[in-house]
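The next block holds one structure in the form of structure tokens; read it before the comments.
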Amino acid sequence: MKNIAVFIDIKNGQIAESSLRALEFASAWSNQQGFDGVIVYGFEKTQLEALNALNSIKEYVQIEVPGLVQNSQVLAVLLSHIQEKGISQILYVKSLLMDSVAAYLSGALAFPLISNVKELEKVSNGNRFTKSIFSGKANLVTEVAGDNFIAAFSKSFSSNLALPSGNSSPSLSSISLPLNSQSTIVENYPLTGSIPLPDAAVVVGGGRGLKDPSNWVMVEDLAKELGAATACSKPVSDLNWRPHHEHVGQTGVKIAPKLYIACGISGAIQHLAGVNGSRKIVVINNDPEAPFFKHADYGIVGDVFDVLPRLLNKLKSH
Amino acid sequence: MKILVCVSIVPDTTSKITLDSSNTRINSEGLTFIAGPYDDYALSRAIEIKDQTQAELVVLHVGLADSEAIIRKCLALGADSAVRIDTAAVDSYQVAQEIIQFAKSQSFDLIMMGKEAIDYNAGIVHALVAHGLGFNHFSPVMHLDVDNDKLTLEIETDSGKSKISSTLPAVLGCQEPIAEWKIPSMRGIMTARTKEIQVIAPSFSPKENPVKANVVETERLQKMIPVEEAESLIDMLKSENLI
Ligand SMILES: Cc1cc2nc3c(=O)[nH]c(=O)nc-3n(C[C@H](O)[C@H](O)[C@H](O)COP(=O)(O)OP(=O)(O)OC[C@H]3O[C@@H](n4cnc5c(N)ncnc54)[C@H](O)[C@@H]3O)c2cc1C
Ligand SMILES: Nc1ncnc2c1ncn2[C@@H]1O[C@H](COP(=O)(O)O)[C@@H](O)[C@H]1O
């Protein structure tokens with residue numbers, strides 16, 4: 001028995017798009033590498049249709065957690081499950097929760113954990129991983145001997161394998177992890193209303209050029225019209241104009257949307273480090289010398305107080 | 001209380017990344033190296049906690065001797081002593097194993113790290129170390145208060161933020177605004193000169209073998225739209241299915 005485990009992210013019962021790509025890869029990889037099949041783990045209930053449509057999926061295991069997961073005693077139950085299932089490779093798309101779970105499994109199983117994997121390939125004496133490094137500024141290809149590993153896929157992960165045809169009828173099971181006796185949640189502050197920045201397809205960002213937090217109405221209105229998330233530069237969150245979790249860059253969130261619209265942001269290298277994964281970048285800045293223009297697909301030299309309302313009007317007139 | 005802060009040493013955030021002739025490594029020539037910015041947040045908060053609680057504060061780096069000046073700066077900021085494990089850090093798994101082995105030989109209550117090293121952005125050394133030692137693990141931590149063996153933390157989660165109550169021992173990955181970066185005082189710099197940097201031989205070898213690297217060049221169109229025609233941007237974005 002030789003299986004692959006894939007841990008998936010589920011939001012409101014739906015499998016995250018990046019997790020679906022990981023599952024498609026696992027299904028193809030399982031076939032190609034001669035694994036028995038794929039065991040899927042998740043922390044929530046989900047529709048099995050998406051899994052049925054893929055070849056080689058054997059089981060969906062729903063992990064019930066009554067409290068905080070990040071504790072070795074809590075996770076020991078999961079470890080035994082994985083060992084019983086004869087799992088030799090574990091795949092997941094990077095998330096805060098899964099990084100902690102995977103690190104535990106890595107230590108306990110002595111499987112090396114390779115982070116930010118963009119591509120995975122078999123080589124004669126082991127496996128080859130293409131990792132994104134320096135916030136996406138470079139790629140590094142590394143080889144790891146042997147066939148036991150945990151791969152943390154980056155959100156920009158891509159599969160070069162053809163999806164095998166055929167369906168599965170995975171069985172459904174669940175395991176319950178014990179209550180964490182050492183740590184408790186005092187309060188949760190969920191991100192409400194707004195679109196979560198890391199997953200947004202379109203992002204509108206504002207910098208110090210907006211002059212005052214009250215002017216963010218312009219950014220928010222534009223974002224709302226576009227179905228976009230809002231972001232900001234570091235000084236803006238340092239000044240408490242915007243919440244800290246909106247700050248993108250080297251020390252903030254790294255985003256990779258289809259479209260990033262940067263308003264009144266100079267384009268410092270530390271800011272670029274968080275946004276250069278964007279497919280297309282629009283820059284609006286009143287200084288033609290702003291460094292950001294060199295890293296823009298479309299640039300407008302102009303005053304945000306003039307341009308943003310005009311863009312909004314144009315959108316609304318459609 | 002005894003606190004360990006683990007510091008990665010990385011190219012300055014403004015660095016332009018190039019490759020060396022072997023094409024498996026980043027070219028370090030001409031780059032300025034710094035303590036990782038997140039590690040700096042961890043150290044800054046650890047110094048504040050030390051000042052409040054008279055804790056002992058040790059700084060640890062896994063890396064080669066060329067990093068000594070940066071370790072000295074950590075001492076100048078207020079760490080009591082420093083340890084360097086004398087090996088080139090290649091992967092997180094290797095670094096974590098070295099840290100776990102060292103921490104087992106001491107009795108740390110709190111281990112603070114950055115949420116990620118800004119070179120390889122793995123973001124997992126703290127988790128590996130926490131579970132390797134059987135300590136509680138949290139990352140990224142944005143606020144931290146320590147009261148005897150009780151911790152109150154604010155952490156970022158995949159769906160927002162949470163306030164957490166936990167116990168020591170713990171390993172934390174830190175990010176702003178946990179503390180403000182600190183600047184060493186003249187007195188700090190003087191006393192750091194006499195503080196010891198203990199050098200320990202490595203016990204583990206890396207699992208990852210780098211075979212090649214490439215710098216990612218994102219080609220941008222750099223198309224300028226005259227401000228009078230700003231509205232045409234919307235049509236362009238629509239025609240490209242970007243909105
Ligand atoms: C270790 C380190 C880590 C850092 N990490 C980050 C990070 O993660 N993210 C980040 O963003 N920064 C980071 N920084 C800070 C970074 O170096 C810059 O200082 C910051 O990005 C600048 O923010 P800004 O563009 O909003 O402000 P500014 O540099 O002040 O730029 C404002 C821009 O707005 C333009 N402007 C002004 N008025 C108008 C107007 N009316 N209409 C249109 N444009 C206007 C100006 O021309 C200017 O280009 C970091 C710095 C360090 C040292
Ligand atoms: N070579 C190293 N020496 C000491 N600590 C390190 C080293 N590399 C990483 N760390 C610590 O582990 C954290 C996470 O690193 P990483 O998992 O590599 O992104 C960093 O912010 C540091 O605090």
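Residues in the structure tokens are named by chain (A, B, ... in the order shown) and by number from 1 within that chain; ligands are numbered from 1 in the order shown.
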
Sort by chain and increasing residue number a table of all residues of chain B within 9 Å of ligand 1, each with its closest pair of atoms and their distance in Å to one decimal, counting only C-alpha atoms and all ligand atoms, and write it as CSV.
residue,atom,partner,partner_atom_place_in_ligand_line,distance
B:Asp12,CA,ligand 1,1 (C),7.5
B:Thr13,CA,ligand 1,1 (C),5.7
B:Thr14,CA,ligand 1,53 (C),8.0
B:Gly36,CA,ligand 1,1 (C),8.4
B:Pro37,CA,ligand 1,1 (C),5.6
B:Tyr38,CA,ligand 1,1 (C),8.8

Quiz prompt | Residues near Tyr41 (chain B), cut-off 7 Å, only C-alpha atoms, skip fewer than 3 positions along chain, as a list in words | solution = Pro37, Tyr38, Ser44, Arg45, Cys174, Gln175, Glu176, Ile178, Ala179, Glu180 and Trp181 of chain B

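For the residues A:Ala103, A:Leu315, A:Val275, A:Ala231, ranking by smallest atom-to-atom distance to ligand 2 using only C-alpha atoms and all ligand atoms places A:Ala103 first.
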
Self-check item: Which of region 130-238 of chain B DSSP labels helix (DSSP H, G or I), written as a PyMOL selection string
Solution: chain B and resi 130-133+186-192+227-229+232-238

Practice problem: Find the residue from A:Pro257, A:Ser214, A:Gly249, A:Ile133 that sits nearest to ligand 2; use only C-alpha atoms and all ligand atoms when measuring. | Solution: A:Ile133

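Omitting Glu196 (chain B) and its sequence neighbours fewer than 3 positions away, and counting only C-alpha atoms, the residues within 10 Å are Arg72, Leu75, Asp80, Ser81, Ala82, Val83, Ala192, Arg193 and Val199 of chain B.
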
Practice problem: Can you tell me which residues come within 7 Å of ligand 2 when counting only C-alpha atoms and all ligand atoms, ideally as a PyMOL selection string? | Solution: chain B and resi 5-9+36+38-39+60-63+89+92+95+112-118+120-126+173

Residues near Phe134 (chain A), cut-off 12 Å, only C-alpha atoms, skip fewer than 3 positions along chain, as an mmCIF file with all heavy atoms, in the first residue's frame:
data_model
loop_
_atom_site.group_PDB
_atom_site.id
_atom_site.type_symbol
_atom_site.label_atom_id
_atom_site.label_comp_id
_atom_site.auth_asym_id
_atom_site.auth_seq_id
_atom_site.Cartn_x
_atom_site.Cartn_y
_atom_site.Cartn_z
ATOM 1 N N ASN A 116 6.968 26.232 -0.944
ATOM 2 C CA ASN A 116 6.831 27.111 -2.116
ATOM 3 C C ASN A 116 7.133 26.415 -3.436
ATOM 4 O O ASN A 116 7.782 26.975 -4.314
ATOM 5 C CB ASN A 116 7.756 28.325 -1.992
ATOM 6 C CG ASN A 116 7.106 29.413 -1.191
ATOM 7 O OD1 ASN A 116 5.906 29.614 -1.297
ATOM 8 N ND2 ASN A 116 7.889 30.092 -0.382
ATOM 9 N N LYS A 131 11.256 25.709 -6.785
ATOM 10 C CA LYS A 131 10.718 26.527 -5.698
ATOM 11 C C LYS A 131 10.801 27.998 -6.076
ATOM 12 O O LYS A 131 11.759 28.439 -6.691
ATOM 13 C CB LYS A 131 11.551 26.352 -4.420
ATOM 14 C CG LYS A 131 11.653 24.955 -3.912
ATOM 15 C CD LYS A 131 12.182 24.945 -2.491
ATOM 16 C CE LYS A 131 13.598 25.484 -2.355
ATOM 17 N NZ LYS A 131 14.043 25.493 -0.949
ATOM 18 N N LYS A 137 11.228 36.612 -7.020
ATOM 19 C CA LYS A 137 12.231 37.222 -7.898
ATOM 20 C C LYS A 137 13.090 36.167 -8.601
ATOM 21 O O LYS A 137 13.739 36.444 -9.592
ATOM 22 C CB LYS A 137 13.143 38.166 -7.103
ATOM 23 C CG LYS A 137 12.507 39.530 -6.836
ATOM 24 C CD LYS A 137 13.526 40.512 -6.288
ATOM 25 C CE LYS A 137 13.344 40.719 -4.809
ATOM 26 N NZ LYS A 137 14.267 41.662 -4.192
ATOM 27 N N ALA A 138 13.138 34.953 -8.032
ATOM 28 C CA ALA A 138 13.950 33.893 -8.643
ATOM 29 C C ALA A 138 13.305 32.536 -8.381
ATOM 30 O O ALA A 138 12.432 32.401 -7.519
ATOM 31 C CB ALA A 138 15.370 33.924 -8.070
ATOM 32 N N ASN A 139 13.727 31.564 -9.164
ATOM 33 C CA ASN A 139 13.321 30.177 -8.935
ATOM 34 C C ASN A 139 14.557 29.366 -8.599
ATOM 35 O O ASN A 139 15.635 29.637 -9.129
ATOM 36 C CB ASN A 139 12.699 29.576 -10.196
ATOM 37 C CG ASN A 139 11.356 30.189 -10.523
ATOM 38 O OD1 ASN A 139 10.620 30.586 -9.614
ATOM 39 N ND2 ASN A 139 11.048 30.282 -11.792
ATOM 40 N N LEU A 140 14.387 28.366 -7.764
ATOM 41 C CA LEU A 140 15.491 27.474 -7.442
ATOM 42 C C LEU A 140 15.008 26.044 -7.638
ATOM 43 O O LEU A 140 13.943 25.676 -7.140
ATOM 44 C CB LEU A 140 15.925 27.692 -5.988
ATOM 45 C CG LEU A 140 17.074 26.817 -5.495
ATOM 46 C CD1 LEU A 140 18.361 27.140 -6.248
ATOM 47 C CD2 LEU A 140 17.284 27.026 -4.001
ATOM 48 N N GLY A 249 3.718 43.554 0.213
ATOM 49 C CA GLY A 249 5.139 43.802 -0.001
ATOM 50 C C GLY A 249 6.004 42.780 0.682
ATOM 51 O O GLY A 249 5.533 41.751 1.163
ATOM 52 N N GLN A 250 7.264 43.114 0.714
ATOM 53 C CA GLN A 250 8.287 42.259 1.310
ATOM 54 C C GLN A 250 7.904 41.815 2.723
ATOM 55 O O GLN A 250 8.047 40.661 3.075
ATOM 56 C CB GLN A 250 9.566 43.082 1.388
ATOM 57 C CG GLN A 250 10.732 42.367 1.993
ATOM 58 C CD GLN A 250 11.568 41.742 0.927
ATOM 59 O OE1 GLN A 250 12.164 42.423 0.116
ATOM 60 N NE2 GLN A 250 11.601 40.432 0.918
ATOM 61 N N THR A 251 7.435 42.758 3.529
ATOM 62 C CA THR A 251 7.080 42.413 4.907
ATOM 63 C C THR A 251 5.575 42.245 5.075
ATOM 64 O O THR A 251 5.094 42.149 6.200
ATOM 65 C CB THR A 251 7.595 43.477 5.893
ATOM 66 O OG1 THR A 251 7.208 44.761 5.403
ATOM 67 C CG2 THR A 251 9.088 43.422 6.052
ATOM 68 N N LYS A 254 1.777 38.796 0.145
ATOM 69 C CA LYS A 254 2.222 38.673 -1.240
ATOM 70 C C LYS A 254 1.015 38.298 -2.070
ATOM 71 O O LYS A 254 0.325 37.351 -1.758
ATOM 72 C CB LYS A 254 3.320 37.626 -1.338
ATOM 73 C CG LYS A 254 4.428 38.090 -0.424
ATOM 74 C CD LYS A 254 5.702 37.440 -0.466
ATOM 75 C CE LYS A 254 6.716 38.167 0.396
ATOM 76 N NZ LYS A 254 6.443 38.193 1.839
ATOM 77 N N ILE A 269 11.176 48.987 -4.006
ATOM 78 C CA ILE A 269 11.478 47.579 -4.280
ATOM 79 C C ILE A 269 10.798 46.644 -3.262
ATOM 80 O O ILE A 269 10.344 45.567 -3.600
ATOM 81 C CB ILE A 269 13.008 47.365 -4.367
ATOM 82 C CG1 ILE A 269 13.325 45.996 -4.948
ATOM 83 C CG2 ILE A 269 13.688 47.559 -3.030
ATOM 84 C CD1 ILE A 269 14.640 45.945 -5.658
ATOM 85 N N GLN A 270 10.682 47.130 -2.005
ATOM 86 C CA GLN A 270 10.040 46.276 -0.991
ATOM 87 C C GLN A 270 8.552 46.116 -1.268
ATOM 88 O O GLN A 270 7.940 45.122 -0.903
ATOM 89 C CB GLN A 270 10.225 46.853 0.422
ATOM 90 C CG GLN A 270 11.652 46.891 0.888
ATOM 91 C CD GLN A 270 12.304 48.234 0.635
ATOM 92 O OE1 GLN A 270 11.782 49.070 -0.088
ATOM 93 N NE2 GLN A 270 13.460 48.434 1.251
ATOM 94 N N LEU A 272 7.282 46.240 -4.425
ATOM 95 C CA LEU A 272 7.229 45.395 -5.624
ATOM 96 C C LEU A 272 7.351 43.917 -5.264
ATOM 97 O O LEU A 272 6.736 43.062 -5.890
ATOM 98 C CB LEU A 272 8.347 45.781 -6.601
ATOM 99 C CG LEU A 272 8.257 47.186 -7.197
ATOM 100 C CD1 LEU A 272 9.490 47.489 -8.029
ATOM 101 C CD2 LEU A 272 7.000 47.330 -8.039
ATOM 102 N N ALA A 273 8.146 43.622 -4.234
ATOM 103 C CA ALA A 273 8.376 42.226 -3.845
ATOM 104 C C ALA A 273 7.067 41.519 -3.499
ATOM 105 O O ALA A 273 6.995 40.300 -3.571
ATOM 106 C CB ALA A 273 9.329 42.156 -2.667
ATOM 107 N N GLY A 274 6.054 42.278 -3.112
ATOM 108 C CA GLY A 274 4.786 41.640 -2.751
ATOM 109 C C GLY A 274 3.793 41.599 -3.882
ATOM 110 O O GLY A 274 2.759 40.940 -3.777
ATOM 111 N N ASN A 276 4.827 41.649 -7.520
ATOM 112 C CA ASN A 276 5.315 41.336 -8.864
ATOM 113 C C ASN A 276 4.821 40.001 -9.413
ATOM 114 O O ASN A 276 5.092 39.662 -10.548
ATOM 115 C CB ASN A 276 6.835 41.508 -9.003
ATOM 116 C CG ASN A 276 7.598 40.694 -7.997
ATOM 117 O OD1 ASN A 276 7.043 39.772 -7.406
ATOM 118 N ND2 ASN A 276 8.866 41.017 -7.772
ATOM 119 N N GLY A 277 4.038 39.277 -8.611
ATOM 120 C CA GLY A 277 3.370 38.083 -9.127
ATOM 121 C C GLY A 277 2.072 38.419 -9.844
ATOM 122 O O GLY A 277 1.431 37.529 -10.406
ATOM 123 N N VAL B 10 20.184 37.558 5.584
ATOM 124 C CA VAL B 10 19.644 37.572 4.222
ATOM 125 C C VAL B 10 20.088 38.832 3.492
ATOM 126 O O VAL B 10 20.435 39.826 4.119
ATOM 127 C CB VAL B 10 18.096 37.541 4.277
ATOM 128 C CG1 VAL B 10 17.589 36.227 4.837
ATOM 129 C CG2 VAL B 10 17.551 38.708 5.104
ATOM 130 N N PRO B 11 20.029 38.805 2.143
ATOM 131 C CA PRO B 11 20.352 40.034 1.419
ATOM 132 C C PRO B 11 19.364 41.145 1.798
ATOM 133 O O PRO B 11 18.176 40.885 1.977
ATOM 134 C CB PRO B 11 20.168 39.635 -0.046
ATOM 135 C CG PRO B 11 20.256 38.154 -0.064
ATOM 136 C CD PRO B 11 19.740 37.684 1.248
ATOM 137 N N ASP B 12 19.867 42.325 1.914
ATOM 138 C CA ASP B 12 19.090 43.525 2.165
ATOM 139 C C ASP B 12 17.875 43.570 1.229
ATOM 140 O O ASP B 12 17.957 43.122 0.093
ATOM 141 C CB ASP B 12 20.070 44.686 1.897
ATOM 142 C CG ASP B 12 19.373 46.022 1.820
ATOM 143 O OD1 ASP B 12 18.347 46.184 2.474
ATOM 144 O OD2 ASP B 12 19.885 46.889 1.092
ATOM 145 N N THR B 13 16.775 44.117 1.723
ATOM 146 C CA THR B 13 15.518 44.064 0.951
ATOM 147 C C THR B 13 15.589 44.807 -0.383
ATOM 148 O O THR B 13 14.747 44.601 -1.241
ATOM 149 C CB THR B 13 14.349 44.644 1.755
ATOM 150 O OG1 THR B 13 14.698 45.961 2.174
ATOM 151 C CG2 THR B 13 14.026 43.811 2.960
ATOM 152 N N THR B 14 16.576 45.697 -0.558
ATOM 153 C CA THR B 14 16.654 46.425 -1.826
ATOM 154 C C THR B 14 17.509 45.696 -2.866
ATOM 155 O O THR B 14 17.705 46.202 -3.966
ATOM 156 C CB THR B 14 17.280 47.821 -1.611
ATOM 157 O OG1 THR B 14 18.569 47.629 -1.069
ATOM 158 C CG2 THR B 14 16.450 48.680 -0.688
ATOM 159 N N SER B 15 18.004 44.514 -2.513
ATOM 160 C CA SER B 15 18.965 43.831 -3.381
ATOM 161 C C SER B 15 18.391 43.456 -4.738
ATOM 162 O O SER B 15 17.261 42.990 -4.835
ATOM 163 C CB SER B 15 19.441 42.534 -2.729
ATOM 164 O OG SER B 15 19.993 42.798 -1.480
ATOM 165 N N LYS B 16 19.205 43.667 -5.752
ATOM 166 C CA LYS B 16 18.862 43.126 -7.070
ATOM 167 C C LYS B 16 19.490 41.741 -7.127
ATOM 168 O O LYS B 16 20.684 41.564 -6.925
ATOM 169 C CB LYS B 16 19.425 44.026 -8.166
ATOM 170 C CG LYS B 16 19.185 43.451 -9.546
ATOM 171 C CD LYS B 16 19.029 44.532 -10.602
ATOM 172 C CE LYS B 16 18.861 43.958 -11.998
ATOM 173 N NZ LYS B 16 17.796 42.960 -12.152
ATOM 174 N N ILE B 17 18.660 40.745 -7.384
ATOM 175 C CA ILE B 17 19.117 39.364 -7.318
ATOM 176 C C ILE B 17 19.760 38.950 -8.644
ATOM 177 O O ILE B 17 19.174 39.105 -9.706
ATOM 178 C CB ILE B 17 17.925 38.424 -7.002
ATOM 179 C CG1 ILE B 17 17.270 38.822 -5.663
ATOM 180 C CG2 ILE B 17 18.331 36.967 -6.987
ATOM 181 C CD1 ILE B 17 18.197 38.842 -4.479
ATOM 182 N N THR B 18 20.994 38.436 -8.561
ATOM 183 C CA THR B 18 21.639 37.852 -9.742
ATOM 184 C C THR B 18 22.171 36.474 -9.340
ATOM 185 O O THR B 18 22.167 36.131 -8.162
ATOM 186 C CB THR B 18 22.825 38.708 -10.240
ATOM 187 O OG1 THR B 18 23.761 38.840 -9.165
ATOM 188 C CG2 THR B 18 22.374 40.092 -10.682
ATOM 189 N N ILE B 26 22.456 32.201 -5.450
ATOM 190 C CA ILE B 26 22.334 33.632 -5.648
ATOM 191 C C ILE B 26 23.733 34.228 -5.488
ATOM 192 O O ILE B 26 24.496 33.829 -4.614
ATOM 193 C CB ILE B 26 21.374 34.209 -4.587
ATOM 194 C CG1 ILE B 26 19.973 33.612 -4.762
ATOM 195 C CG2 ILE B 26 21.345 35.726 -4.619
ATOM 196 C CD1 ILE B 26 19.349 33.774 -6.129
ATOM 197 N N GLU B 116 8.987 34.421 8.382
ATOM 198 C CA GLU B 116 9.699 33.746 7.303
ATOM 199 C C GLU B 116 11.028 34.431 7.050
ATOM 200 O O GLU B 116 11.197 35.616 7.339
ATOM 201 C CB GLU B 116 8.864 33.680 6.014
ATOM 202 C CG GLU B 116 8.682 35.017 5.324
ATOM 203 C CD GLU B 116 7.853 34.924 4.030
ATOM 204 O OE1 GLU B 116 6.875 34.165 3.988
ATOM 205 O OE2 GLU B 116 8.200 35.635 3.075
ATOM 206 N N ALA B 117 11.979 33.655 6.516
ATOM 207 C CA ALA B 117 13.247 34.233 6.092
ATOM 208 C C ALA B 117 12.985 34.822 4.709
ATOM 209 O O ALA B 117 12.398 34.152 3.867
ATOM 210 C CB ALA B 117 14.318 33.150 6.039
ATOM 211 N N ILE B 118 13.411 36.067 4.459
ATOM 212 C CA ILE B 118 12.997 36.707 3.212
ATOM 213 C C ILE B 118 13.806 36.257 1.995
ATOM 214 O O ILE B 118 13.561 36.726 0.902
ATOM 215 C CB ILE B 118 13.002 38.246 3.316
ATOM 216 C CG1 ILE B 118 14.412 38.776 3.570
ATOM 217 C CG2 ILE B 118 12.040 38.725 4.378
ATOM 218 C CD1 ILE B 118 14.538 40.242 3.220
ATOM 219 N N ASP B 119 14.752 35.332 2.184
ATOM 220 C CA ASP B 119 15.424 34.812 0.990
ATOM 221 C C ASP B 119 14.619 33.677 0.361
ATOM 222 O O ASP B 119 14.180 33.778 -0.761
ATOM 223 C CB ASP B 119 16.875 34.405 1.283
ATOM 224 C CG ASP B 119 17.031 33.522 2.504
ATOM 225 O OD1 ASP B 119 16.016 33.171 3.141
ATOM 226 O OD2 ASP B 119 18.184 33.165 2.839
ATOM 227 N N TYR B 120 14.361 32.624 1.150
ATOM 228 C CA TYR B 120 13.659 31.483 0.556
ATOM 229 C C TYR B 120 12.182 31.448 0.927
ATOM 230 O O TYR B 120 11.444 30.587 0.442
ATOM 231 C CB TYR B 120 14.357 30.180 0.921
ATOM 232 C CG TYR B 120 15.684 30.020 0.192
ATOM 233 C CD1 TYR B 120 16.192 31.050 -0.604
ATOM 234 C CD2 TYR B 120 16.408 28.856 0.266
ATOM 235 C CE1 TYR B 120 17.397 30.921 -1.280
ATOM 236 C CE2 TYR B 120 17.616 28.712 -0.420
ATOM 237 C CZ TYR B 120 18.098 29.758 -1.193
ATOM 238 O OH TYR B 120 19.279 29.617 -1.865
ATOM 239 N N ASN B 121 11.748 32.362 1.791
ATOM 240 C CA ASN B 121 10.323 32.509 2.113
ATOM 241 C C ASN B 121 9.624 31.208 2.515
ATOM 242 O O ASN B 121 8.437 31.038 2.237
ATOM 243 C CB ASN B 121 9.524 33.090 0.921
ATOM 244 C CG ASN B 121 10.235 34.239 0.226
ATOM 245 O OD1 ASN B 121 10.698 34.105 -0.891
ATOM 246 N ND2 ASN B 121 10.347 35.351 0.906
ATOM 247 N N ALA B 122 10.345 30.280 3.142
ATOM 248 C CA ALA B 122 9.710 28.995 3.449
ATOM 249 C C ALA B 122 8.641 29.148 4.525
ATOM 250 O O ALA B 122 7.555 28.594 4.424
ATOM 251 C CB ALA B 122 10.757 27.984 3.882
ATOM 252 N N ALA B 213 19.320 27.516 -10.744
ATOM 253 C CA ALA B 213 18.463 28.628 -10.333
ATOM 254 C C ALA B 213 18.255 29.530 -11.529
ATOM 255 O O ALA B 213 19.048 29.516 -12.471
ATOM 256 C CB ALA B 213 19.123 29.398 -9.197
ATOM 257 N N ASN B 214 17.188 30.274 -11.533
ATOM 258 C CA ASN B 214 17.036 31.301 -12.560
ATOM 259 C C ASN B 214 16.311 32.507 -11.986
ATOM 260 O O ASN B 214 15.464 32.370 -11.104
ATOM 261 C CB ASN B 214 16.329 30.764 -13.813
ATOM 262 C CG ASN B 214 14.880 30.429 -13.556
ATOM 263 O OD1 ASN B 214 14.579 29.425 -12.907
ATOM 264 N ND2 ASN B 214 13.984 31.260 -14.026
ATOM 265 N N VAL B 215 16.705 33.669 -12.471
ATOM 266 C CA VAL B 215 16.071 34.896 -12.025
ATOM 267 C C VAL B 215 14.822 35.098 -12.879
ATOM 268 O O VAL B 215 14.848 34.909 -14.082
ATOM 269 C CB VAL B 215 17.048 36.083 -12.162
ATOM 270 C CG1 VAL B 215 16.357 37.404 -11.889
ATOM 271 C CG2 VAL B 215 18.233 35.884 -11.223
ATOM 272 N N VAL B 216 13.716 35.416 -12.220
ATOM 273 C CA VAL B 216 12.458 35.598 -12.941
ATOM 274 C C VAL B 216 12.375 37.035 -13.436
ATOM 275 O O VAL B 216 12.450 37.975 -12.644
ATOM 276 C CB VAL B 216 11.256 35.299 -12.014
ATOM 277 C CG1 VAL B 216 9.942 35.566 -12.737
ATOM 278 C CG2 VAL B 216 11.322 33.868 -11.508
#

Quiz item: Using only C-alpha atoms, which residues sit within 10 Å of Leu237 (chain B) once same-chain residues fewer than 4 positions away are excluded, as number ranges by chain?
Solution: A: 259, 280, 282, 298; B: 232-233, 241-243

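When CA of Ile225 (chain B) is paired with CA of His295 (chain A), their separation reads 14.6 Å.
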
Exercise. Could you give me, as a ChimeraX atom specification, the residues within 8 Å of Leu197 (chain A), counting only C-alpha atoms and dropping anything in the same chain fewer than 3 positions from it?
Key: /A:200,203,229-231,246,253,255

Output C-alpha atoms for every residue in that selection, as a PDB file, in the first residue's frame.
ATOM      1  CA  ALA A 200      -8.489  38.189  -4.799  1.00  0.00           C
ATOM      2  CA  VAL A 203      -6.685  44.253  -6.156  1.00  0.00           C
ATOM      3  CA  ALA A 229      -9.891  43.576  -2.647  1.00  0.00           C
ATOM      4  CA  THR A 230      -8.126  46.650  -1.260  1.00  0.00           C
ATOM      5  CA  ALA A 231      -4.433  46.807  -0.384  1.00  0.00           C
ATOM      6  CA  GLU A 246      -3.881  45.042   3.935  1.00  0.00           C
ATOM      7  CA  VAL A 253       1.001  40.022   2.091  1.00  0.00           C
ATOM      8  CA  ILE A 255      -0.423  38.855  -3.880  1.00  0.00           C
TER       9      ILE A 255
END

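Every protein, DNA or RNA residue with an atom at most 7 Å from region 16-29 of chain A, where only C-alpha atoms count and chain neighbours fewer than 6 positions away do not, is listed here: Val6, Ile8, Asp9, Ile10, Val38, Leu54, Asn55, Ser56, Ile57, Tyr92, Val93, Lys155, Ser159, Leu161, Ala162, Leu163 and Pro164 of chain A.
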
I need the chosen residues saved as a compact mmCIF listing (two decimals), in the first residue's frame, with C-alpha atoms.
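For reference, again.txt as written:
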# COMPACT_ATOMS: atom_id res chain seq x y z
CA VAL A 6 -3.54 15.77 -0.38
CA ILE A 8 -7.30 20.66 0.74
CA ASP A 9 -8.63 24.09 1.72
CA ILE A 10 -12.38 24.34 1.92
CA VAL A 38 -4.95 9.56 -3.36
CA LEU A 54 -11.05 12.91 -10.76
CA ASN A 55 -9.32 9.60 -11.27
CA SER A 56 -7.58 7.71 -8.40
CA ILE A 57 -9.23 9.44 -5.44
CA TYR A 92 -0.92 20.77 0.05
CA VAL A 93 -1.22 24.39 -1.02
CA LYS A 155 -0.46 29.39 -5.06
CA SER A 159 0.97 21.00 -13.27
CA LEU A 161 0.82 16.45 -16.39
CA ALA A 162 -2.23 15.61 -18.46
CA LEU A 163 -5.30 14.90 -16.39
CA PRO A 164 -6.05 11.16 -16.57

Quiz prompt | All strand (DSSP E) residues (DSSP, backbone) inside region 79-186 of chain B, as a ChimeraX atom specification | solution = /B:81-85,110-114,136-147,150-157,160-167,170-174

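The interatomic distance for the pair CA of Pro169 (chain B) and CA of Phe135 (chain B) works out to 5.4 Å.
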
Exercise. Mind giving me the straight-line distance from CA of Val61 (chain A) to CA of Ile39 (chain A) in Å, one decimal?
Key: 7.4 Å

Exercise. Find the residue from B:His137, B:Lys73, B:Arg25, B:Lys207 that sits nearest to Leu97 (chain A); use only C-alpha atoms when measuring.
Key: B:His137

Self-check item: Minimum-distance residue to chain A, chosen among B:Asn23, B:Thr87, B:Ser203, B:Gln52 (using only C-alpha atoms)
Solution: B:Asn23
